[in-house]
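**Q** Enclosed is the structure file entry12.pdb (PDB, C-alpha atoms).
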ATOM      1  CA  MET A 184     147.614 133.165 186.150
ATOM      2  CA  THR A 185     147.600 130.642 188.992
ATOM      3  CA  TRP A 186     150.679 129.342 190.771
ATOM      4  CA  LEU A 187     150.285 125.874 189.190
ATOM      5  CA  GLN A 188     150.046 127.298 185.687
ATOM      6  CA  SER A 189     153.223 129.320 186.098
ATOM      7  CA  ASN A 190     155.181 126.589 187.938
ATOM      8  CA  GLY A 191     153.666 123.442 186.369
ATOM      9  CA  ASN A 192     156.768 122.481 184.405
ATOM     10  CA  ARG A 193     158.966 122.745 187.501
ATOM     11  CA  VAL A 194     156.520 120.665 189.533
ATOM     12  CA  ALA A 195     156.367 117.977 186.830
ATOM     13  CA  LEU A 196     160.153 117.922 186.537
ATOM     14  CA  GLY A 197     160.518 117.620 190.306
ATOM     15  CA  LEU A 198     158.054 114.736 190.467
ATOM     16  CA  GLY A 199     159.852 112.986 187.618
ATOM     17  CA  VAL A 200     163.222 113.288 189.351
ATOM     18  CA  LEU A 201     161.704 112.005 192.586
ATOM     19  CA  ALA A 202     160.193 108.990 190.785
ATOM     20  CA  LEU A 203     163.533 108.119 189.154
ATOM     21  CA  ALA A 204     165.315 108.402 192.496
ATOM     22  CA  GLN A 205     162.804 106.029 194.088
ATOM     23  CA  ILE A 206     163.197 103.483 191.291
ATOM     24  CA  GLY A 207     166.991 103.640 191.612
ATOM     25  CA  PHE A 208     166.767 103.157 195.368
ATOM     26  CA  LEU A 209     164.451 100.168 195.039
ATOM     27  CA  LEU A 210     166.636  98.460 192.440
ATOM     28  CA  THR A 211     169.750  98.972 194.529
ATOM     29  CA  ALA A 212     168.086  97.849 197.762
ATOM     30  CA  ARG A 213     166.848  94.609 196.127
ATOM     31  CA  GLY A 214     170.196  93.929 194.487
ATOM     32  CA  GLY A 215     168.749  94.769 191.098
ATOM     33  CA  ALA A 216     170.324  96.588 188.200
ATOM     34  CA  ALA A 217     173.190  97.998 190.257
ATOM     35  CA  SER A 218     174.657  94.531 190.878
ATOM     36  CA  GLY A 219     173.659  92.716 187.700
ATOM     37  CA  PRO A 220     175.170  92.159 184.274
ATOM     38  CA  PRO A 221     177.730  95.002 184.133
ATOM     39  CA  THR A 222     179.642  93.343 187.000
ATOM     40  CA  THR A 223     179.593  89.893 185.391
ATOM     41  CA  PRO A 224     181.148  90.154 181.925
ATOM     42  CA  PRO A 225     182.748  87.181 180.185
ATOM     43  CA  GLY A 226     185.752  86.110 182.239
ATOM     44  CA  PHE A 227     184.213  87.171 185.565
ATOM     45  CA  ASP A 228     185.250  84.663 188.241
ATOM     46  CA  PHE A 229     182.492  82.824 190.124
ATOM     47  CA  GLY A 230     184.745  79.842 190.821
ATOM     48  CA  SER A 231     185.271  80.595 194.493
ATOM     49  CA  VAL A 232     181.602  81.293 195.269
ATOM     50  CA  GLU A 233     180.611  78.823 197.970
ATOM     51  CA  VAL A 234     177.341  76.926 197.682
ATOM     52  CA  ILE A 235     175.547  74.601 200.079
ATOM     53  CA  ALA A 236     174.693  71.137 198.760
ATOM     54  CA  ASP A 237     171.993  68.674 199.854
ATOM     55  CA  ASP A 238     174.183  67.183 202.571
ATOM     56  CA  GLY A 239     174.890  70.647 204.036
ATOM     57  CA  ALA A 240     178.481  70.642 202.806
ATOM     58  CA  ARG A 241     179.950  73.853 201.463
ATOM     59  CA  SER A 242     181.865  73.695 198.235
ATOM     60  CA  PRO A 243     182.984  76.059 195.470
ATOM     61  CA  LEU A 244     180.607  76.583 192.563
ATOM     62  CA  ALA A 245     183.406  75.569 190.175
ATOM     63  CA  THR A 246     183.503  71.784 189.961
ATOM     64  CA  GLY A 247     186.190  71.274 187.334
ATOM     65  CA  GLU A 248     183.652  70.919 184.524
ATOM     66  CA  PRO A 249     181.678  73.489 182.542
ATOM     67  CA  VAL A 250     178.256  74.153 184.040
ATOM     68  CA  LEU A 251     175.131  76.136 183.284
ATOM     69  CA  VAL A 252     173.937  78.042 186.353
ATOM     70  CA  LEU A 253     170.275  79.019 186.647
ATOM     71  CA  VAL A 254     169.837  81.803 189.215
ATOM     72  CA  PHE A 255     166.419  82.197 190.838
ATOM     73  CA  HIS A 256     164.569  83.236 193.979
ATOM     74  CA  SER A 257     161.168  81.947 195.035
ATOM     75  CA  SER A 258     159.804  85.434 195.740
ATOM     76  CA  CYS A 259     160.783  86.737 192.285
ATOM     77  CA  GLY A 260     157.725  87.281 190.096
ATOM     78  CA  HIS A 261     159.767  86.974 186.907
ATOM     79  CA  CYS A 262     161.155  83.638 188.135
ATOM     80  CA  GLU A 263     157.624  82.380 188.763
ATOM     81  CA  VAL A 264     156.643  83.254 185.199
ATOM     82  CA  LEU A 265     159.793  81.653 183.759
ATOM     83  CA  ALA A 266     159.919  78.536 185.994
ATOM     84  CA  PRO A 267     157.697  76.380 183.722
ATOM     85  CA  ASP A 268     159.826  77.336 180.704
ATOM     86  CA  TRP A 269     162.971  76.276 182.568
ATOM     87  CA  ALA A 270     161.311  72.950 183.459
ATOM     88  CA  GLU A 271     160.452  72.378 179.799
ATOM     89  CA  TRP A 272     163.990  73.323 178.736
ATOM     90  CA  MET A 273     165.448  70.932 181.360
ATOM     91  CA  ARG A 274     163.453  68.010 179.935
ATOM     92  CA  ALA A 275     164.842  68.679 176.436
ATOM     93  CA  ARG A 276     168.421  69.662 177.310
ATOM     94  CA  PRO A 277     171.411  67.598 176.186
ATOM     95  CA  ALA A 278     172.051  64.801 178.693
ATOM     96  CA  ASP A 279     175.746  65.646 178.967
ATOM     97  CA  LEU A 280     175.136  69.306 179.901
ATOM     98  CA  ALA A 281     175.813  69.947 183.605
ATOM     99  CA  VAL A 282     173.202  72.302 185.090
ATOM    100  CA  VAL A 283     172.696  73.624 188.614
ATOM    101  CA  ALA A 284     170.018  75.955 189.988
ATOM    102  CA  VAL A 285     171.270  78.474 192.562
ATOM    103  CA  SER A 286     169.423  80.754 194.968
ATOM    104  CA  GLN A 287     170.371  83.013 197.849
ATOM    105  CA  GLU A 288     167.518  81.715 199.985
ATOM    106  CA  PRO A 289     167.807  78.799 202.439
ATOM    107  CA  LEU A 290     168.454  75.516 200.648
ATOM    108  CA  GLU A 291     165.231  73.805 201.723
ATOM    109  CA  SER A 292     163.112  76.708 200.425
ATOM    110  CA  ALA A 293     165.009  76.710 197.134
ATOM    111  CA  LYS A 294     164.628  72.934 196.750
ATOM    112  CA  GLN A 295     160.894  73.079 197.479
ATOM    113  CA  TYR A 296     160.474  75.776 194.835
ATOM    114  CA  ALA A 297     162.410  73.738 192.268
ATOM    115  CA  ALA A 298     160.448  70.576 193.089
ATOM    116  CA  ARG A 299     157.141  72.421 192.799
ATOM    117  CA  HIS A 300     158.125  73.441 189.266
ATOM    118  CA  GLY A 301     159.450  70.024 188.268
ATOM    119  CA  TRP A 302     163.080  71.037 187.808
ATOM    120  CA  SER A 303     165.362  68.052 187.298
ATOM    121  CA  VAL A 304     168.686  69.614 188.290
ATOM    122  CA  PRO A 305     170.661  69.919 191.517
ATOM    123  CA  VAL A 306     169.699  72.941 193.622
ATOM    124  CA  ARG A 307     172.205  74.883 195.692
ATOM    125  CA  SER A 308     172.107  77.848 198.032
ATOM    126  CA  VAL A 309     174.770  80.548 197.993
ATOM    127  CA  VAL A 310     176.723  81.020 201.208
ATOM    128  CA  VAL A 311     176.400  84.569 202.609
ATOM    129  CA  PRO A 312     176.111  86.791 199.529
ATOM    130  CA  THR A 313     177.663  89.964 200.999
ATOM    131  CA  LEU A 314     177.460  93.240 199.109
ATOM    132  CA  GLY A 315     180.234  93.569 196.530
ATOM    133  CA  SER A 316     181.178  89.881 196.630
ATOM    134  CA  PRO A 317     181.176  87.518 193.645
ATOM    135  CA  ALA A 318     178.377  85.593 195.412
ATOM    136  CA  ARG A 319     176.258  88.743 195.460
ATOM    137  CA  ALA A 320     177.016  89.413 191.795
ATOM    138  CA  LEU A 321     175.873  85.859 191.030
ATOM    139  CA  VAL A 322     172.498  86.134 192.766
ATOM    140  CA  GLY A 323     172.007  89.886 192.291
ATOM    141  CA  LEU A 324     169.503  89.504 189.448
ATOM    142  CA  THR A 325     166.898  86.853 188.930
ATOM    143  CA  PRO A 326     166.057  85.016 186.797
ATOM    144  CA  TRP A 327     169.491  84.894 185.253
ATOM    145  CA  VAL A 328     171.583  82.228 183.562
ATOM    146  CA  PHE A 329     175.362  81.849 183.297
ATOM    147  CA  ALA A 330     177.547  79.482 181.302
ATOM    148  CA  LEU A 331     180.697  78.866 183.352
ATOM    149  CA  ASP A 332     183.899  77.140 182.291
ATOM    150  CA  GLU A 333     185.550  74.434 184.402
ATOM    151  CA  ASN A 334     187.181  77.091 186.616
ATOM    152  CA  GLY A 335     183.962  79.040 187.217
ATOM    153  CA  HIS A 336     184.686  81.872 184.772
ATOM    154  CA  VAL A 337     181.736  83.351 182.897
ATOM    155  CA  LEU A 338     181.627  82.335 179.243
ATOM    156  CA  ALA A 339     178.193  83.859 178.645
ATOM    157  CA  GLY A 340     175.243  85.128 180.599
ATOM    158  CA  GLY A 341     171.797  86.516 180.092
ATOM    159  CA  HIS A 342     168.242  86.836 181.265
ATOM    160  CA  GLY A 343     166.645  83.536 182.204
ATOM    161  CA  SER A 344     164.532  83.638 179.061
ATOM    162  CA  GLU A 345     167.786  83.199 177.107
ATOM    163  CA  VAL A 346     168.614  79.832 178.698
ATOM    164  CA  ALA A 347     168.836  77.976 175.365
ATOM    165  CA  SER A 348     171.212  80.475 173.743
ATOM    166  CA  VAL A 349     173.447  80.704 176.830
ATOM    167  CA  ALA A 350     173.499  76.902 177.118
ATOM    168  CA  ALA A 351     174.473  76.685 173.444
ATOM    169  CA  VAL A 352     177.787  78.353 174.355
ATOM    170  CA  LEU A 353     178.632  75.290 176.466
ATOM    171  CA  SER A 354     177.363  72.823 173.881
ATOM    172  CA  ALA A 355     179.572  74.432 171.225
ATOM    173  CA  ARG A 356     182.762  73.951 173.264
ATOM    174  CA  PRO A 357     185.080  71.071 172.285
TER     175      PRO A 357
END
Show the structure stored in the file as structure tokens.

**A**
Amino acid sequence: MTWLQSNGNRVALGLGVLALAQIGFLLTARGGAASGPPTTPPGFDFGSVEVIADDGARSPLATGEPVLVLVFHSSCGHCEVLAPDWAEWMRARPADLAVVAVSQEPLESAKQYAARHGWSVPVRSVVVPTLGSPARALVGLTPWVFALDENGHVLAGGHGSEVASVAAVLSARP
């Protein structure tokens, strides 16, 4: 019996553990699963997250009115696939629904990406999304969508492909 035949199961198990460790590292390093939905349940407060507007001014994400926040990044492959769907949804959305697209990249890059895809909503950039901050929780996964109340508290959230159902939470409010 060769060494591989007698130790094959241990080798396979070791390689499997190594692969899982690498996946976990990559997700954490990119701000993936470790900083995503579990940290942003309904009620989570994004109200104080600062964003940069077109004029360069910094302001809180909460504006005193409910808003749908579309979170994206131009280097995200999933965002690229979903961007045309968001553009189509934006054309059909209720006119009274406030929507903003938010990215952690520089504002000009984010605006160029949105323009290239024909998005008809304001685009903002998050100010310094440090690890563990609400800003980081906001932009930690992309594409993602959040329905926020007037104070910036999460009413609902989900993958970007769920934009219509998350937006419906805002449309159903009195």

**Q** Which neighbours of Val337 in chain A fall inside 9 Å, counting all atoms listed in the file, when residues of the same chain fewer than 5 positions from it are skipped, and could you give them as an MDAnalysis selection string?

**A** chainID A and resid 223:229 329:332

**Q** Using all atoms listed in the file, which of A:Ala278, A:Leu321, A:Val283, A:Ala245 sits nearest Trp302 in chain A?

**A**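 The answer is A:Val283, which sits nearest to Trp302 in chain A.
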
**Q** Please indicate the distance in Å from CA of Ser292 in chain A to CA of His342 in chain A, rounded to one decimal place.

**A**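 A separation of 22.3 Å between them.
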
**Q** Please measure the separation of CA of Ala275 in chain A and CA of Ala347 in chain A, giving the value in Å to one decimal.

**A**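 For CA of Ala275 in chain A relative to CA of Ala347 in chain A, the distance reads 10.2 Å.
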
**Q** Fewer than 5 positions away in the same chain doesn't count, so skip those; otherwise give me all residues within 10 Å of His300 in chain A, counting only C-alpha atoms, as a PyMOL selection string.

**A** chain A and resi 263+266-271+294-295

**Q** Can you work out the spacing between CA of Ala355 in chain A and CA of Ala284 in chain A in Å, to one decimal?

**A** 21.1 Å

**Q** Given all atoms listed in the file as the basis, pick out the residue of A:Val328, A:Gly247, A:Ser257, A:Gly335 nearest to Val349 in chain A.

**A**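 Counting all atoms listed in the file, the residue closest to Val349 in chain A is A:Val328.
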
**Q** Pick from A:Cys259, A:Ala351, A:Ala298, A:Val310: nearest to Arg276 in chain A, with all atoms listed in the file counted?

**A**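 Looking only at the distances to Arg276 in chain A, the closest residue turns out to be A:Ala351.
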
**Q** Would you translate the PyMOL selection byres ((chain A and resi 243) around 10) into the concrete set of residues it matches in this file, as a list of chain:residue names?

**A**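 Taken on the displayed file, the PyMOL selection byres ((chain A and resi 243) around 10) yields the residues A:Phe229, A:Gly230, A:Ser231, A:Val232, A:Glu233, A:Val234, A:Ile235, A:Arg241, A:Ser242, A:Leu244, A:Ala245, A:Thr246, A:Gly247, A:Val309, A:Val310, A:Asn334, A:Gly335.
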